[in-house]
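For reference, model.pdb (PDB, C-alpha atoms, pLDDT in the B column):
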```pdb
ATOM      1  CA  MET G   1      -2.723  37.859   9.594  1.00 44.00           C
ATOM      2  CA  TRP G   2      -5.181  36.394  12.126  1.00 44.00           C
ATOM      3  CA  PRO G   3      -7.121  39.109  13.939  1.00 47.00           C
ATOM      4  CA  CYS G   4      -8.415  37.136  16.949  1.00 50.00           C
ATOM      5  CA  SER G   5      -5.327  35.343  18.217  1.00 52.00           C
ATOM      6  CA  ASP G   6      -1.667  34.738  17.600  1.00 61.00           C
ATOM      7  CA  PHE G   7      -2.500  31.025  17.563  1.00 59.00           C
ATOM      8  CA  PRO G   8      -5.756  30.394  15.679  1.00 64.00           C
ATOM      9  CA  ASP G   9      -7.667  27.150  16.082  1.00 71.00           C
ATOM     10  CA  LEU G  10      -6.454  24.825  13.345  1.00 78.00           C
ATOM     11  CA  TYR G  11      -7.031  21.239  12.366  1.00 81.00           C
ATOM     12  CA  VAL G  12      -5.435  18.933   9.811  1.00 87.00           C
ATOM     13  CA  GLN G  13      -7.150  16.659   7.290  1.00 91.00           C
ATOM     14  CA  CYS G  14      -5.306  13.811   5.620  1.00 93.00           C
ATOM     15  CA  ARG G  15      -6.138  11.255   2.978  1.00 94.00           C
ATOM     16  CA  LEU G  16      -4.370   8.458   1.115  1.00 95.00           C
ATOM     17  CA  TYR G  17      -4.264   8.472  -2.696  1.00 95.00           C
ATOM     18  CA  SER G  18      -3.038   6.224  -5.486  1.00 95.00           C
ATOM     19  CA  ASP G  19      -3.115   7.177  -9.184  1.00 93.00           C
ATOM     20  CA  ASN G  20      -4.858  10.422  -8.156  1.00 91.00           C
ATOM     21  CA  LYS G  21      -7.775   8.420  -6.743  1.00 95.00           C
ATOM     22  CA  PRO G  22      -8.642   8.364  -3.032  1.00 95.00           C
ATOM     23  CA  LEU G  23      -7.820   5.157  -1.165  1.00 92.00           C
ATOM     24  CA  SER G  24      -9.375   6.276   2.098  1.00 90.00           C
ATOM     25  CA  PRO G  25     -12.002   8.554   3.524  1.00 90.00           C
ATOM     26  CA  VAL G  26     -10.818  11.917   4.836  1.00 91.00           C
ATOM     27  CA  TYR G  27      -9.368  11.700   8.331  1.00 90.00           C
ATOM     28  CA  ARG G  28      -8.918  14.760  10.509  1.00 86.00           C
ATOM     29  CA  THR G  29      -7.433  15.701  13.820  1.00 82.00           C
ATOM     30  CA  ALA G  30      -9.720  16.603  16.679  1.00 76.00           C
ATOM     31  CA  TYR G  31     -10.609  20.233  17.226  1.00 68.00           C
ATOM     32  CA  LYS G  32      -8.183  21.868  19.620  1.00 64.00           C
ATOM     33  CA  HIS G  33      -7.937  25.394  20.975  1.00 66.00           C
ATOM     34  CA  PHE G  34      -4.294  26.503  20.868  1.00 66.00           C
ATOM     35  CA  HIS G  35      -2.749  28.803  23.456  1.00 67.00           C
ATOM     36  CA  LYS G  36       1.040  28.836  23.001  1.00 69.00           C
ATOM     37  CA  ASP G  37       1.851  26.762  19.909  1.00 67.00           C
ATOM     38  CA  TRP G  38       0.403  24.363  17.371  1.00 64.00           C
ATOM     39  CA  THR G  39       1.048  20.912  18.774  1.00 66.00           C
ATOM     40  CA  TRP G  40      -1.515  18.225  18.039  1.00 69.00           C
ATOM     41  CA  ASN G  41       0.324  15.248  19.506  1.00 75.00           C
ATOM     42  CA  GLU G  42      -2.339  13.026  17.965  1.00 80.00           C
ATOM     43  CA  TRP G  43      -2.091   9.871  15.896  1.00 85.00           C
ATOM     44  CA  ILE G  44      -4.230   9.289  12.827  1.00 84.00           C
ATOM     45  CA  THR G  45      -4.497   5.596  12.038  1.00 85.00           C
ATOM     46  CA  PHE G  46      -5.432   4.303   8.618  1.00 86.00           C
ATOM     47  CA  PRO G  47      -7.017   0.844   8.251  1.00 84.00           C
ATOM     48  CA  TRP G  48      -4.145  -0.517   6.122  1.00 86.00           C
ATOM     49  CA  LYS G  49      -0.706  -1.889   6.775  1.00 89.00           C
ATOM     50  CA  LEU G  50       2.124  -0.294   4.804  1.00 88.00           C
ATOM     51  CA  SER G  51       2.677  -3.626   3.038  1.00 90.00           C
ATOM     52  CA  GLU G  52      -0.904  -3.485   1.682  1.00 93.00           C
ATOM     53  CA  LEU G  53      -0.540  -0.072   0.011  1.00 94.00           C
ATOM     54  CA  PRO G  54       0.423   0.288  -3.655  1.00 94.00           C
ATOM     55  CA  LEU G  55       3.964   1.533  -4.335  1.00 94.00           C
ATOM     56  CA  ASN G  56       2.634   4.792  -5.787  1.00 94.00           C
ATOM     57  CA  ALA G  57       0.593   5.620  -2.652  1.00 95.00           C
ATOM     58  CA  GLN G  58       0.638   9.235  -1.495  1.00 95.00           C
ATOM     59  CA  ILE G  59      -0.624  11.020   1.582  1.00 95.00           C
ATOM     60  CA  ALA G  60      -2.133  14.502   1.390  1.00 96.00           C
ATOM     61  CA  PHE G  61      -2.376  16.927   4.309  1.00 94.00           C
ATOM     62  CA  THR G  62      -4.494  20.090   4.377  1.00 93.00           C
ATOM     63  CA  ILE G  63      -4.435  22.588   7.252  1.00 88.00           C
ATOM     64  CA  TYR G  64      -7.645  24.503   7.989  1.00 87.00           C
ATOM     65  CA  ASP G  65      -8.344  27.525  10.174  1.00 82.00           C
ATOM     66  CA  THR G  66     -11.715  27.530  11.931  1.00 77.00           C
ATOM     67  CA  ALA G  67     -12.513  31.123  10.973  1.00 74.00           C
ATOM     68  CA  GLY G  68     -16.009  31.162  12.466  1.00 75.00           C
ATOM     69  CA  PRO G  69     -19.270  29.238  12.559  1.00 79.00           C
ATOM     70  CA  ASN G  70     -19.507  27.150   9.392  1.00 81.00           C
ATOM     71  CA  LYS G  71     -16.487  28.975   7.928  1.00 83.00           C
ATOM     72  CA  LEU G  72     -13.138  27.340   7.201  1.00 84.00           C
ATOM     73  CA  ASP G  73     -10.080  28.849   5.561  1.00 87.00           C
ATOM     74  CA  ILE G  74      -7.365  26.706   3.995  1.00 91.00           C
ATOM     75  CA  ILE G  75      -4.003  27.680   5.461  1.00 87.00           C
ATOM     76  CA  GLY G  76      -1.851  25.274   3.452  1.00 93.00           C
ATOM     77  CA  GLY G  77      -1.180  21.694   2.556  1.00 95.00           C
ATOM     78  CA  THR G  78       1.167  19.213   0.997  1.00 95.00           C
ATOM     79  CA  THR G  79       1.224  15.810  -0.672  1.00 95.00           C
ATOM     80  CA  PHE G  80       4.103  13.352  -0.678  1.00 93.00           C
ATOM     81  CA  ARG G  81       4.843   9.804  -1.745  1.00 94.00           C
ATOM     82  CA  LEU G  82       4.999   7.152   0.955  1.00 92.00           C
ATOM     83  CA  PHE G  83       7.585   5.000  -0.847  1.00 93.00           C
ATOM     84  CA  GLY G  84      10.771   5.749  -2.743  1.00 91.00           C
ATOM     85  CA  LYS G  85      11.785   4.412  -6.162  1.00 84.00           C
ATOM     86  CA  ARG G  86      12.789   1.049  -4.678  1.00 82.00           C
ATOM     87  CA  GLY G  87       9.668   0.702  -2.566  1.00 76.00           C
TER      88      GLY G  87
END
```
Translate the structure described by the file into structure tokens.
Amino acid sequence: MWPCSDFPDLYVQCRLYSDNKPLSPVYRTAYKHFHKDWTWNEWITFPWKLSELPLNAQIAFTIYDTAGPNKLDIIGGTTFRLFGKRG
């Protein structure tokens, strides 16, 4: 799958949404070269408290592979709601 290494250099982008509109700029993890596994152990802090977000807020994550200079490949991603039906 990845020709150069068993553990390619990946990073994660995340963003908050509400009503399919962005609530935040894109935040991303720092670049990290992986040797044995993919462990970021890094916090991403948004400038809002949970109580300030709308009940339909979602967070989206996208995982990128740094495939070369100025070349990124999307590996995968997901989006999920931050609050349940009862808030």
* Quick one: which residues end up in the PyMOL selection byres ((chain G and resi 62) around 7) for this structure, as a list in words? ->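 Selected by the PyMOL selection byres ((chain G and resi 62) around 7) in this file: Val12, Gln13, Cys14, Ala60, Phe61, Ile63, Tyr64, Gly76, Gly77 and Thr78 of chain G.
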* Asked: Between G:Arg15, G:Lys71, G:Arg28, G:Arg81, which has the minimum distance to Gln58 of chain G (counting all atoms listed in the file)?
  ->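 The closest residue to Gln58 of chain G is G:Arg81.
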* Give as a list of chain:residue names every residue, naming chains and numbers as the document does, that has an atom within 12 Å of (-8.7, 4.7, 17.2), counting only C-alpha atoms. =>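 Checked against the point, the hits come out as G:Tyr27, G:Thr29, G:Ala30, G:Glu42, G:Trp43, G:Ile44, G:Thr45, G:Phe46, G:Pro47.
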* Two-atom distance - atom CA of Tyr11 of chain G, atom CA of Val26 of chain G (Å) ->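 It comes out at 12.6 Å.
Here the question is which of G:Leu10, G:Pro25, G:Asp19, G:Thr79 gets nearest to Ile59 of chain G using all atoms listed in the file, and that residue is G:Thr79.
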* Take the PyMOL selection byres ((chain G and resi 87) around 10), apply it to the structure above, and return the hits as a list in words. => Ser51, Pro54, Leu55, Asn56, Leu82, Phe83, Gly84, Lys85 and Arg86 of chain G
* Asked: Of the candidates G:Ile75, G:Tyr17, G:Pro22, G:Asn41, which one gets nearest to Ala57 of chain G if we count all atoms listed in the file?
  ->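 Smallest distance to Ala57 of chain G is found for G:Tyr17.
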* atom CA of Ile74 of chain G to atom CA of Lys21 of chain G, straight-line distance in Å ->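 Atom-to-atom, atom CA of Lys21 of chain G to atom CA of Ile74 of chain G, that is 21.2 Å.
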* Å distance separating atom CA of Ala67 of chain G from atom CA of Asp9 of chain G, one decimal place ->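 Atom-to-atom, atom CA of Ala67 of chain G to atom CA of Asp9 of chain G, that is 8.1 Å.
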* Structure fact -> Closest of G:Asp73, G:Asp65, G:Leu23, G:Phe80 to Glu52 of chain G, counting all atoms listed in the file, is G:Leu23
